[in-house]
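Worksheet: the structure to be examined is printed underneath.
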Amino acid sequence: MKRLLRALCLTAAVTVSTVPALAQTRNETLLVVIESGTNSLDIHTVGANPASYGVTWNTYDRLLTYGTKTLPDGTLSYDYNNIKPELAESWKFTADDEITFVLRKDAKFHDGTPVTAKDVKWSFDRMVSVGGFPTFQMKAGSIEKPEQFIVVDDHTFRVKLLRKDKLTVPDLGVPVPTILNSELVKKNATEKDPWGLEYTKTNSAGGGAYKVESWKPGQELVLARNDDWKSGPLPKLKKVIIREVPSAGNRRALLERGDVDVSFDLPPKDSQELAKGGKVKVAGVPIENSLWYVGMSLKQPPFDNVKVRQAVSYAVPYQKIMDAAIYGRGIPMFGGPAKPTSAAWPQPSPYNTDIAKAKALLAEAGFAKGFETTININQGAASLAEPMATLLQESLAQIGITTTINKIPGANWRAAMLKKDMPIAIDTFSGWLNYPEYYFFWGYHGQDAVFNIMSYKNPEMDKLIDAARFETDRQKYEEQIKGFVKIAWDDMPRAPLFQYYLDAAMQKNITGYTYWFHRGIDFRPMGKE
Amino acid sequence: MNLLEIEHLSLEFRTRGGTVRALEDVSLAVGKGETLGVVGESGSGKSVLSFAVMGISDAAAKVTNGAVRFEGLDLLGDGRSALDELRGAEMSMIFQNPRVALNPIRMVGKQIADVLSRHAGVTRDQAKTRAVEMLAKVRIPDPERRARAYPFEMSGGMCQRVMIALALACSPKLLIADEPTTGLDVTTQAAIMDLIGDLARESRMSTILITHDLALAAERCDRIAVMHAGHVVEVATTAELFAHPRHPYTAKLIATTPRPGVGLAELEPVPGALPDLRGDLPDCRYSTRCERHRAECAAGPLARMIDLTNAHLVACRRPL
Amino acid sequence: MIAHLILRRLLGAIPSLVAVVVVTFMLTRALPGDPAAYFAGPAATPQAIEEIRHKLGLDKSLPLQFVDYLGDLARGEFGQSLTTGQPVAQDILARLPASVELTLAGLILALIVALPLGVAAATRPGSWIDHLARVVSTAGVSLPVFFTGLLLVYVFYYLLGWAPAPMGRLDLFTSAPRTITGFFLIDSLLTGEFATFRAAAAQLTLPALTLALFSVAPLARMTRASMLGVLSSDFVRTARANGLSRGTVLVTYALRNALLPVVTTLGMVFSFLLGANVLVEKVFSWPGIGSYAIEALVASDYAPVQGFILTMAVLYVTLNLLIDVLYGLIDPRVRIEA
Amino acid sequence: MNPTLRHIRYVLAENPVTGLAFAGFAAILLLALFGPLIAPYDPLASNTDQALRAPCWDYWFGTDHLGRDILSRVIVATRLDVQISLAAVALSFALGAPLGICAGWYGGRTDRMIGRVVDTIMAFPLFVLAMGIVAALGNSVVNIVYATAIINMPFYARMARAETNARREAGFVEAARLSGNGDARILAAHIFPNILPPMMVQVSLNLGYAILNAAGLSFIGLGVRPPTPEWGIMVAEGSAYIVSGEWWVALFPGLALMLAVFCFNLLGDGLRDIIDPRRRT
């Protein structure tokens with residue numbers, strides 16, 4: 001009898017002690033579901049997709065990063081105005097054209113090798129040399145040539161500036177300038193691939209807060225905490241599992257049933273309903289410097305006629321789109337004052353749905369009977385763009401413009417944008433660096449970048465954009481911005497619709513979710529209550 | 001007592017085209033150890049009759065009247081449940097086209113063993129040994145090896161021997177042989193018929209030999225029943241039937257049967273075709289083909305089976 | 001004998017495989033879109049796109065690209081997937097077992113339902129069970145698989161909570177068994193991880209059911225037709241005349257013979273299911289090669305599409321071989337005469 | 001009454017399901033012809049105030065995410081779906097039957113060559129091939145029809161080949177040959193009409209498959225252009241709303257799709273009964 005009792009006690013003790021242990025692991029593990037995952041562990045590799053930004057954000061350190069602020073609704077957001085050191089202990093302008101970084105002495109890569117200025121230089125050399133997106137992104141901050149990067153000593157690194165560019169420092173806090181373990185990568189580089197891109201694509205070679213524990217491309221990524229991380233406070237979550245679940249309905253069900261912790265970048269209807277339902281919390285932050293718009297190609301008559309563009313802009317069913325296409329998960333960008341009153345971007349255009357006015361303008365332009373054209377949308381974003389296109393089509397029919405909707409496969413979208421042969425297109429563009437002129441440089445400038453899908457060219461606007469880029473005087477700068485925004489409203493090559501929210505839905509016990517311009521999740525400040 | 005008695009059996013098929021009255025008022029009896037021949041053109045209902053006796057008729061077949069008694073047990077009535085046990089054990093059947101009548105993908109020895117283990121209450125091993133014995137009994141050379149052969153590896157005659165082994169495995173009291181020699185060459189035919197005859201005699205087994213070959217029936221049977229369009233038109237002992245056929249159809253049949261000394265050219269086919277068994281039929285189904293047909297034939301119902309002399313039965317108003 | 005048959009079949013399949021390679025190459029090059037532009041990422045200049053085009057070898061002429069492709073194939077290289085960033089061969093090898101396991105599970109489930117249904121219908125043609133079998137199986141094949149899948153998820157996972165979350169082959173807390181065959185069900189049994197087996201089986205149930213619903217109809221119909229034919233055949237009559245029990249007649253005699261055409265149908269259904277998999281995998285986040293192919297196709301990512309189609313073609317040939325062998329196992333005539 | 005009609009009546013009486021299938025088929029054809037007249041609302045008119053209304057008296061099947069009446073859309077979609085499947089099946093018949101007849105008739109090299117083509121198509125995973133074709137040729141109804149036709153072609157070719165082969169030595173063919181008819185004439189006037197009935201069965205079975213195929217393509221985004229009502233695309237769109245509880249958006253078009261395919265399949269059975277009573281499967 002005694003023995004039995006003892007056995008019972010023992011069993012009970014074992015049970016009691018294992019259950020919290022399990023709960024403990026569950027409490028330190030974060031389950032995230034997303035639509036599709038990364039295709040590379042290194043943002044420098046060819047074709048690294050947007051999901052890789054979030055991965056490299058957590059697995060690599062950069063010299064600099066941004067601080068956080070709390071938005072009015074309580075959500076955390078990165079703070080554009082607060083640039084902080086990360087791998088660098090400190091940094092300062094040591095001359096007008098020179099920034100000097102002092103590296104942390106205790107920082108180590110995942111394999112234990114200490115981080116030195118040599119690694120930093122090699123990494124910087126790499127990103128400006130490999131071509132493609134990383135090189136391009138760094139160019140935006142005037143970081144262009146290996147000669148700019150100087151190793152002063154093991155823990156001091158210097159960047160020479162080619163010109164005075166206010167984007168240089170912010171550009172060092174984007175996901176691209178990661179610091180790699182140069183010895184490790186060089187060991188795995190080949191003659192054909194001197195920068196070891198093949199290796200880093202599938203192997204993590206950094207020293208960030210998280211290590212890649214396992215990666216099944218197209219299925220699952222598991223991150224484990226790097227307990228030796230020194231570049232910031234030790235993260236609370238020991239493990240992060242990111243699972244790909246393509247069906248939006250399934251992602252919602254998983255979250256609602258409590259099987260996962262976070263569902264990221266979900267459809268607006270789900271965000272709206274989940275937020276209303278109150279079972280989970282939804283953090284929605286308007287994406288900075290971004291805009292959904294209806295673009296009209298000036299190369300495709302009759303959209304070379306400004307009256308036609310204005311007519312279309314008056315025919316857009318703005319409010320219907322807000323309600324039925326994005327369920328209010330965006331800030332309206334229509335019905336604003338007639339002239340720009342602030343230098344903010346994006347800001348509401350003065351246009352509103354006004355069919356009578358649209359008809360009149362169309363008649364003035366000589367198209368009283370209307371015409372036929374196509375509305376183009378990106379298949380990859382069809383769940384959002386298709387309802388918008390359908391509503392626009394219906395509305396345009398009222399002023400006599402007959403349209404067909406063209407769904408262009410995601411792969412072809414960029415090529416179509418390059419060709420600039422889409423009469424009407426519904427799309428979005430957002431810039432990482434939150435400056436109006438940055439947006440206009442890509443979207444409206446006569447350099448005719450890929451995102452200027454309207455092929456809009458106006459020398460007057462170009463002058464204002466170029467000036468604003470290097471303008472140091474606040475007053476003048478704001479005038480320049482208001483100036484090109486005004487031109488945009490007058491010429492109306494694209495009709496702004498709304499500024500979209502980046503929504504993340506999560507269980508109520510999740511803390512520390514932070515909005516980032518790169519739209520990846522930063523797991524470092526996150527935890528569970 | 002007769003081993004098998006068929007009394008006033010009527011059977012019809014319900015098909016899409018209408019009801020086919022395949023058997024009508026058929027009465028027959030088989031005594032112990034007797035060999036009864038059932039002859040007639042194809043389509044006259046011989047096989048339908050045998051299937052009805054065995055209880056393996058098509059699902060569309062429906063017995064509308066009559067009884068089949070095996071050792072006094074009514075197989076269509078009270079004895080229906082016993083039929084499963086009787087089939088293959090007390091009464092069994094062999095078919096034409098032996099090559100397709102055997103399971104093509106099962107070794108013949110196994111097929112025999114299946115029957116034995118079902119009815120003889122033996123173990124699987126015993127059944128196997130007995131199967132080989134049965135193959136030897138039907139005079140198949142090298143039975144051990146043959147037991148492991150598939151039907152497609154054997155000749156038609158061999159297959160028919162297997163079929164006989166299958167049918168006789170449990171020493172039944174009644175064997176129905178439905179055209180057992182169709183599709184076999186002449187020498188094999190004789191050998192098969194000899195085999196059946198020998199085995200039947202050995203065990204005093206009753207046999208029903210169904211054939212369209214009157215000569216064969218003449219040679220092998222004690223008595224013969226002639227069928228035409230679902231009717232039995234004449235029954236008599238073999239000698240009597242050939243000596244004094246009373247039904248015009250029988251006479252015609254005999255006339256078409258090859259005999260020694262008669263050339264093929266002299267044989268005359270039975271004129272006319274079998275009547276369509278759907279819809280209304282005259283009382284005498286032969287009347288449309290009968291040269292002796294007179295108006296009086298249609299007057300009043302035809303009494304079945306007028307007993308003439310010496311157990312010679314005929315169904316005709318104006319017998320020869 | 002069988003070896004001889006297999007060899008002959010393999011040789012016979014070579015021209016088809018060659019044709020598949022050529023057609024696949026042309027088809028993928030006809031896909032719209034510019035992978036270079038797609039993978040150059042945001043804000044790429046035309047020059048950056050050209051750089052990538054060169055890197056991918058897409059600036060060469062088509063015939064040259066084809067020669068490159070053939071060379072790679074000869075070396076056993078399927079190229080790299082741009083979407084997952086992995087060698088295609090590795091991706092396919094990792095994902096194929098998932099697809100095959102799912103398809104086989106669906107097929108087996110379908111057989112378990114279809115065979116008895118077909119037999120029941122054949123033994124009582126025209127009866128209510130015959131009509132019921134016909135209506136039920138036809139209804140199953142009339143549903144688009146993705147719709148069935150979604151409905152099953154909604155009812156059994158979301159509403160009732162009986163099924164686990166539709167997120168792949170295992171839930172998040174079970175780790176995959178050591179890879180032996182790649183089939184989780186088999187591997188987990190071989191390694192004795194019964195909890196894993198249960199978890200894998202639970203994940204497999206709904207998608208397999210979706211596929212099964214779709215494939216019951218052709219199998220049940222073929223079983224019925226074939227059984228009807230066999231049941232009216234001479235040898236079944238013989239078996240009945242010999243008083244064999246109903247079960248023996250139906251199963252040992254009739255069904256085994258009736259299986260021959262069913263096996264042929266089975267092959268067809270299997271290759272059909274591999275196609276339907278594409279949709280089911282998408283619904284259930286199943287990490288198979290079907291979902292892999294869709295993503296690649298939409299991204300104009302040539303290498304995975306080519307690798308996928310080639311794999312499927314090889315699978316198809318193998319499948320036909322297997323069916324021949326199976327046929328031989330069932331039917332001694334094929335075996336001995338081959 | 002003539003025997004054919006009597007036979008048909010018999011088949012219908014014997015098999016009530018077939019009767020049902022014929023009735024369903026007739027209903028589908030009527031909807032395809034007169035759908036736009038019957039539909040209570042404009043199938044394309046959005047009404048965002050009424051978005052995602054559950055089925056009610058005003059909207060029997062509810063409304064979709066843009067407030068369009070699902071009943072009207074389901075009704076109007078009938079025409080397009082029937083057109084797609086009819087066109088695809090007609091095309092694959094027109095491609096497959098002559099190829100199969102030639103293969104079956106001439107045998108030898110012709111047979112081998114055509115057989116190779118057919119084998120090659122079959123060696124592709126058919127649905128993926130359809131995806132590839134639509135992706136390569138572009139997203140349009142016409143291309144869906146082409147793709148569906150191509151992947152169905154082998155079935156017709158194989159069937160036509162087998163049926164022709166079986167009739168090559170038939171008496172009526174011999175007679176035609178003896179009376180001096182050329183190959184082309186024999187094939188067109190004698191072989192073709194004879195193999196038509198069994199092929200018709202395949203046609204009706206394929207009609208259903210063609211609709212499913214188009215729906216599957218729509219589901220992965222390779223389908224009909226919005227906002228055209230089409231069952232497959234409606235199910236695909238509606239599938240996003242199942243989990244959030246708006247089941248009607250996907251259910252009703254799904255049911256319509258299912259019923260149509262169901263009717264076509266059963267029709268195939270019925271036709272087979274009528275054409276060949278022995279081979280009822």
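Residue numbers start at 1 in each chain; chains themselves are named A, B, ... in the order of the structure tokens; ligands are numbered from 1 in the order shown.
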Write out as a PyMOL selection string the set of residues from range 334-443 of chain A that DSSP, computed on the backbone, places in alpha helix (DSSP H).
chain A and resi 355-364+382-398+410-419+436-443
Could you give me, as a tab-separated table, a per-residue list for chain A showing, wherever an atom lies at most 7 Å from an atom of chain C, the closest pair of atoms and their distance in Å to one decimal, using only C-alpha atoms and sorting by chain then residue number from low to high?
residue	atom	partner	partner_atom	distance
A:Asn39	CA	C:Thr84	CA	4.1
A:Ser40	CA	C:Gly85	CA	5.8
A:Val46	CA	C:Phe39	CA	6.8
A:Gly47	CA	C:Phe39	CA	4.0
A:Gly131	CA	C:Ala48	CA	6.9
A:Gly132	CA	C:Ala48	CA	5.2
A:Phe133	CA	C:Gly41	CA	6.0
A:Pro217	CA	C:Thr84	CA	5.4
A:Gly218	CA	C:Thr84	CA	6.2
A:Gln219	CA	C:Pro287	CA	6.2
A:Val245	CA	C:Ser285	CA	5.2
A:Pro246	CA	C:Ser285	CA	6.1
A:Ser247	CA	C:Val283	CA	6.0
A:Asn250	CA	C:Pro166	CA	6.8
A:Ala253	CA	C:Tyr158	CA	6.3
A:Leu254	CA	C:Ala165	CA	6.4
A:Pro409	CA	C:Val298	CA	6.2
A:Gly410	CA	C:Ala299	CA	6.3
A:Ala411	CA	C:Ala299	CA	4.5
A:Asn412	CA	C:Gly33	CA	3.5
A:Arg414	CA	C:Ala37	CA	5.9
A:Ala415	CA	C:Asp34	CA	5.9
A:Val450	CA	C:Ala43	CA	6.9
What are the residues of chain A lining chain D at 7 Å or less? Count only C-alpha atoms, and put the answer as a PyMOL selection string.
chain A and resi 248-249+253+320+324+390+405-406
Determine, counting only C-alpha atoms, which protein, DNA and RNA residues have an atom within 7 Å of an atom of range 33-38 of chain A; residues of the same chain fewer than 6 positions away are not included. Present the result as an MDAnalysis selection string.
chainID A and resid 49 51:52 218 242:246 251 262:264
Same residues, N, CA, C and O atoms, saved as a short mmCIF file (atom, residue, chain, number, x, y, z; two decimals), in the first residue's frame:
data_model
loop_
_atom_site.label_atom_id
_atom_site.label_comp_id
_atom_site.auth_asym_id
_atom_site.auth_seq_id
_atom_site.Cartn_x
_atom_site.Cartn_y
_atom_site.Cartn_z
N ASN A 49 13.16 37.21 -52.37
CA ASN A 49 11.82 37.80 -52.39
C ASN A 49 11.56 38.63 -51.13
O ASN A 49 12.36 38.61 -50.18
N ALA A 51 9.82 38.23 -48.60
CA ALA A 51 9.82 37.51 -47.32
C ALA A 51 11.23 37.38 -46.76
O ALA A 51 11.43 37.21 -45.56
N SER A 52 12.23 37.47 -47.64
CA SER A 52 13.61 37.34 -47.15
C SER A 52 14.02 38.57 -46.34
O SER A 52 14.94 38.50 -45.54
N GLY A 218 9.50 26.78 -48.99
CA GLY A 218 8.13 26.58 -49.43
C GLY A 218 7.27 25.97 -48.35
O GLY A 218 6.07 25.77 -48.54
N ILE A 242 7.77 29.66 -38.54
CA ILE A 242 7.00 30.35 -39.57
C ILE A 242 6.53 29.32 -40.59
O ILE A 242 7.35 28.70 -41.27
N ARG A 243 5.26 29.11 -40.64
CA ARG A 243 4.70 28.09 -41.52
C ARG A 243 3.97 28.76 -42.68
O ARG A 243 3.29 29.77 -42.48
N GLU A 244 4.12 28.20 -43.86
CA GLU A 244 3.42 28.77 -45.01
C GLU A 244 2.07 28.08 -45.18
O GLU A 244 1.99 26.86 -45.27
N VAL A 245 1.04 28.88 -45.17
CA VAL A 245 -0.32 28.36 -45.39
C VAL A 245 -0.94 29.22 -46.49
O VAL A 245 -1.35 30.34 -46.25
N PRO A 246 -0.99 28.70 -47.71
CA PRO A 246 -1.40 29.55 -48.83
C PRO A 246 -2.85 30.03 -48.74
O PRO A 246 -3.15 31.11 -49.21
N ARG A 251 -5.65 30.27 -42.88
CA ARG A 251 -4.85 31.07 -41.93
C ARG A 251 -5.77 31.69 -40.89
O ARG A 251 -5.48 31.71 -39.70
N VAL A 262 0.33 34.17 -34.64
CA VAL A 262 0.28 35.37 -35.47
C VAL A 262 -0.06 34.98 -36.91
O VAL A 262 0.44 34.00 -37.43
N SER A 263 -0.96 35.76 -37.52
CA SER A 263 -1.18 35.64 -38.95
C SER A 263 -0.86 37.00 -39.54
O SER A 263 -1.40 38.00 -39.13
N PHE A 264 0.06 36.99 -40.51
CA PHE A 264 0.62 38.24 -40.95
C PHE A 264 0.14 38.60 -42.35
O PHE A 264 -0.01 37.73 -43.19
#
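Here is the contact set of chain C against chain D, at 6 Å and counting only C-alpha atoms: Ser16, Ala30, Leu31, Pro32, Ala139, Ser142, Leu143, Pro144, Arg221, Ala225, Gly275 and Ala313 of chain C.
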Would you write out those residues with all heavy atoms, as a PDB file, in the first residue's frame?
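For reference, part_31.pdb as written:
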ATOM      1  N   SER C  16       8.369   9.041 -76.164  1.00  0.00           N
ATOM      2  CA  SER C  16       7.394   9.897 -75.489  1.00  0.00           C
ATOM      3  C   SER C  16       8.098  10.840 -74.532  1.00  0.00           C
ATOM      4  O   SER C  16       7.781  12.031 -74.472  1.00  0.00           O
ATOM      5  CB  SER C  16       6.389   9.055 -74.703  1.00  0.00           C
ATOM      6  OG  SER C  16       5.386   8.614 -75.566  1.00  0.00           O
ATOM      7  N   ALA C  30       7.244  29.764 -73.669  1.00  0.00           N
ATOM      8  CA  ALA C  30       6.119  30.560 -74.174  1.00  0.00           C
ATOM      9  C   ALA C  30       5.389  31.252 -73.031  1.00  0.00           C
ATOM     10  O   ALA C  30       4.541  32.105 -73.257  1.00  0.00           O
ATOM     11  CB  ALA C  30       5.157  29.662 -74.946  1.00  0.00           C
ATOM     12  N   LEU C  31       5.720  30.876 -71.799  1.00  0.00           N
ATOM     13  CA  LEU C  31       5.046  31.511 -70.665  1.00  0.00           C
ATOM     14  C   LEU C  31       5.295  33.006 -70.715  1.00  0.00           C
ATOM     15  O   LEU C  31       6.378  33.450 -71.063  1.00  0.00           O
ATOM     16  CB  LEU C  31       5.589  30.959 -69.344  1.00  0.00           C
ATOM     17  CG  LEU C  31       5.185  29.544 -68.989  1.00  0.00           C
ATOM     18  CD1 LEU C  31       5.822  29.141 -67.665  1.00  0.00           C
ATOM     19  CD2 LEU C  31       3.677  29.450 -68.869  1.00  0.00           C
ATOM     20  N   PRO C  32       4.278  33.756 -70.371  1.00  0.00           N
ATOM     21  CA  PRO C  32       4.466  35.197 -70.408  1.00  0.00           C
ATOM     22  C   PRO C  32       5.351  35.592 -69.239  1.00  0.00           C
ATOM     23  O   PRO C  32       5.613  34.805 -68.344  1.00  0.00           O
ATOM     24  CB  PRO C  32       3.057  35.727 -70.218  1.00  0.00           C
ATOM     25  CG  PRO C  32       2.384  34.681 -69.409  1.00  0.00           C
ATOM     26  CD  PRO C  32       2.985  33.374 -69.822  1.00  0.00           C
ATOM     27  N   ALA C 139     -21.998  12.067 -57.888  1.00  0.00           N
ATOM     28  CA  ALA C 139     -21.968  13.326 -57.148  1.00  0.00           C
ATOM     29  C   ALA C 139     -20.543  13.639 -56.720  1.00  0.00           C
ATOM     30  O   ALA C 139     -20.087  14.771 -56.817  1.00  0.00           O
ATOM     31  CB  ALA C 139     -22.877  13.250 -55.931  1.00  0.00           C
ATOM     32  N   SER C 142     -18.540  14.988 -59.432  1.00  0.00           N
ATOM     33  CA  SER C 142     -19.056  16.239 -59.980  1.00  0.00           C
ATOM     34  C   SER C 142     -18.603  17.453 -59.193  1.00  0.00           C
ATOM     35  O   SER C 142     -18.851  18.573 -59.585  1.00  0.00           O
ATOM     36  CB  SER C 142     -20.584  16.224 -59.997  1.00  0.00           C
ATOM     37  OG  SER C 142     -21.056  15.120 -60.695  1.00  0.00           O
ATOM     38  N   LEU C 143     -17.986  17.211 -58.044  1.00  0.00           N
ATOM     39  CA  LEU C 143     -17.570  18.341 -57.220  1.00  0.00           C
ATOM     40  C   LEU C 143     -16.153  18.760 -57.576  1.00  0.00           C
ATOM     41  O   LEU C 143     -15.288  17.912 -57.672  1.00  0.00           O
ATOM     42  CB  LEU C 143     -17.595  17.933 -55.746  1.00  0.00           C
ATOM     43  CG  LEU C 143     -18.941  17.962 -55.070  1.00  0.00           C
ATOM     44  CD1 LEU C 143     -18.872  17.206 -53.767  1.00  0.00           C
ATOM     45  CD2 LEU C 143     -19.355  19.389 -54.799  1.00  0.00           C
ATOM     46  N   PRO C 144     -15.941  20.040 -57.750  1.00  0.00           N
ATOM     47  CA  PRO C 144     -14.560  20.463 -57.938  1.00  0.00           C
ATOM     48  C   PRO C 144     -13.764  20.153 -56.673  1.00  0.00           C
ATOM     49  O   PRO C 144     -14.260  20.434 -55.568  1.00  0.00           O
ATOM     50  CB  PRO C 144     -14.659  21.978 -58.140  1.00  0.00           C
ATOM     51  CG  PRO C 144     -16.096  22.316 -58.166  1.00  0.00           C
ATOM     52  CD  PRO C 144     -16.895  21.143 -57.726  1.00  0.00           C
ATOM     53  N   ARG C 221     -17.618   2.567 -60.886  1.00  0.00           N
ATOM     54  CA  ARG C 221     -18.256   2.264 -62.165  1.00  0.00           C
ATOM     55  C   ARG C 221     -17.564   1.126 -62.882  1.00  0.00           C
ATOM     56  O   ARG C 221     -18.203   0.224 -63.416  1.00  0.00           O
ATOM     57  CB  ARG C 221     -18.171   3.490 -63.075  1.00  0.00           C
ATOM     58  CG  ARG C 221     -19.233   4.493 -62.826  1.00  0.00           C
ATOM     59  CD  ARG C 221     -18.720   5.849 -63.239  1.00  0.00           C
ATOM     60  NE  ARG C 221     -19.788   6.812 -63.128  1.00  0.00           N
ATOM     61  CZ  ARG C 221     -20.518   7.182 -64.140  1.00  0.00           C
ATOM     62  NH1 ARG C 221     -20.303   6.689 -65.337  1.00  0.00           N
ATOM     63  NH2 ARG C 221     -21.497   8.044 -63.980  1.00  0.00           N
ATOM     64  N   ALA C 225     -19.173  -2.442 -63.817  1.00  0.00           N
ATOM     65  CA  ALA C 225     -19.255  -2.914 -65.203  1.00  0.00           C
ATOM     66  C   ALA C 225     -18.533  -4.236 -65.345  1.00  0.00           C
ATOM     67  O   ALA C 225     -19.050  -5.205 -65.918  1.00  0.00           O
ATOM     68  CB  ALA C 225     -18.638  -1.884 -66.134  1.00  0.00           C
ATOM     69  N   GLY C 275      -2.852  15.057 -60.914  1.00  0.00           N
ATOM     70  CA  GLY C 275      -3.225  16.378 -61.417  1.00  0.00           C
ATOM     71  C   GLY C 275      -4.115  17.117 -60.435  1.00  0.00           C
ATOM     72  O   GLY C 275      -3.903  18.285 -60.137  1.00  0.00           O
ATOM     73  N   ALA C 313       6.031  12.786 -65.907  1.00  0.00           N
ATOM     74  CA  ALA C 313       6.055  11.900 -67.069  1.00  0.00           C
ATOM     75  C   ALA C 313       6.745  10.587 -66.705  1.00  0.00           C
ATOM     76  O   ALA C 313       6.271   9.504 -67.055  1.00  0.00           O
ATOM     77  CB  ALA C 313       6.760  12.583 -68.230  1.00  0.00           C
TER      78      ALA C 313
END
Pull out every residue of chain B sitting within 9 Å of chain C, counting only C-alpha atoms, and send them as a PDB file with C-alpha atoms, in the first residue's frame.
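Saved as iface-v4.pdb:
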ATOM      1  CA  PHE B  51     -30.491 -23.963 -65.025  1.00  0.00           C
ATOM      2  CA  MET B  54     -29.966 -26.258 -60.598  1.00  0.00           C
ATOM      3  CA  GLY B  55     -31.383 -22.996 -59.309  1.00  0.00           C
ATOM      4  CA  ILE B  56     -28.802 -20.942 -61.180  1.00  0.00           C
ATOM      5  CA  ASP B  58     -30.538 -15.608 -64.586  1.00  0.00           C
ATOM      6  CA  ALA B  59     -31.844 -12.919 -62.247  1.00  0.00           C
ATOM      7  CA  LEU B  83     -30.401 -26.141 -52.716  1.00  0.00           C
ATOM      8  CA  ASP B  84     -27.113 -24.533 -51.758  1.00  0.00           C
ATOM      9  CA  GLU B  85     -26.022 -27.711 -50.074  1.00  0.00           C
ATOM     10  CA  LEU B  86     -27.291 -29.937 -52.877  1.00  0.00           C
ATOM     11  CA  ARG B  87     -25.609 -28.125 -55.713  1.00  0.00           C
ATOM     12  CA  GLY B  88     -22.193 -29.525 -56.386  1.00  0.00           C
ATOM     13  CA  ALA B  89     -22.709 -32.279 -53.830  1.00  0.00           C
ATOM     14  CA  MET B  91     -26.429 -32.738 -58.192  1.00  0.00           C
ATOM     15  CA  SER B  92     -23.944 -31.045 -60.437  1.00  0.00           C
ATOM     16  CA  MET B  93     -23.583 -29.841 -63.915  1.00  0.00           C
ATOM     17  CA  ILE B  94     -21.071 -29.626 -66.726  1.00  0.00           C
ATOM     18  CA  PHE B  95     -21.212 -27.100 -69.507  1.00  0.00           C
ATOM     19  CA  ASN B  97     -17.164 -24.574 -73.971  1.00  0.00           C
ATOM     20  CA  PRO B  98     -15.136 -25.985 -71.093  1.00  0.00           C
ATOM     21  CA  ARG B  99     -12.295 -23.556 -71.685  1.00  0.00           C
ATOM     22  CA  VAL B 100     -14.382 -20.564 -70.701  1.00  0.00           C
ATOM     23  CA  ALA B 101     -16.440 -22.429 -68.155  1.00  0.00           C
ATOM     24  CA  LEU B 102     -13.434 -22.695 -65.872  1.00  0.00           C
ATOM     25  CA  ASN B 103     -12.024 -19.785 -63.925  1.00  0.00           C
ATOM     26  CA  PRO B 104      -9.227 -18.572 -66.212  1.00  0.00           C
ATOM     27  CA  ILE B 105      -6.973 -17.283 -63.472  1.00  0.00           C
ATOM     28  CA  ARG B 106      -7.193 -20.088 -60.939  1.00  0.00           C
ATOM     29  CA  GLN B 111     -10.862 -25.058 -58.431  1.00  0.00           C
ATOM     30  CA  ASP B 114     -12.698 -25.304 -53.704  1.00  0.00           C
ATOM     31  CA  VAL B 115     -15.658 -27.610 -54.354  1.00  0.00           C
ATOM     32  CA  ARG B 118     -17.105 -26.550 -49.577  1.00  0.00           C
ATOM     33  CA  HIS B 119     -19.050 -29.799 -49.589  1.00  0.00           C
ATOM     34  CA  TYR B 150      -4.372 -22.898 -65.667  1.00  0.00           C
ATOM     35  CA  PHE B 152      -5.623 -21.676 -70.881  1.00  0.00           C
ATOM     36  CA  GLU B 153      -2.669 -24.032 -70.725  1.00  0.00           C
ATOM     37  CA  MET B 163     -14.940 -29.929 -65.485  1.00  0.00           C
ATOM     38  CA  LEU B 166     -15.151 -30.757 -60.720  1.00  0.00           C
ATOM     39  CA  ALA B 167     -18.733 -31.959 -61.113  1.00  0.00           C
TER      40      ALA B 167
END
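CA of Gln189 in chain B is positioned 26.3 Å from CA of Tyr249 in chain B.
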I'd like the contact shell of Val145 in chain D - 9 Å cut-off, only C-alpha atoms, skipping same-chain residues fewer than 3 positions apart - returned as a PyMOL selection string.
chain D and resi 84-85+87-89+91+140-142+148-150+210+214
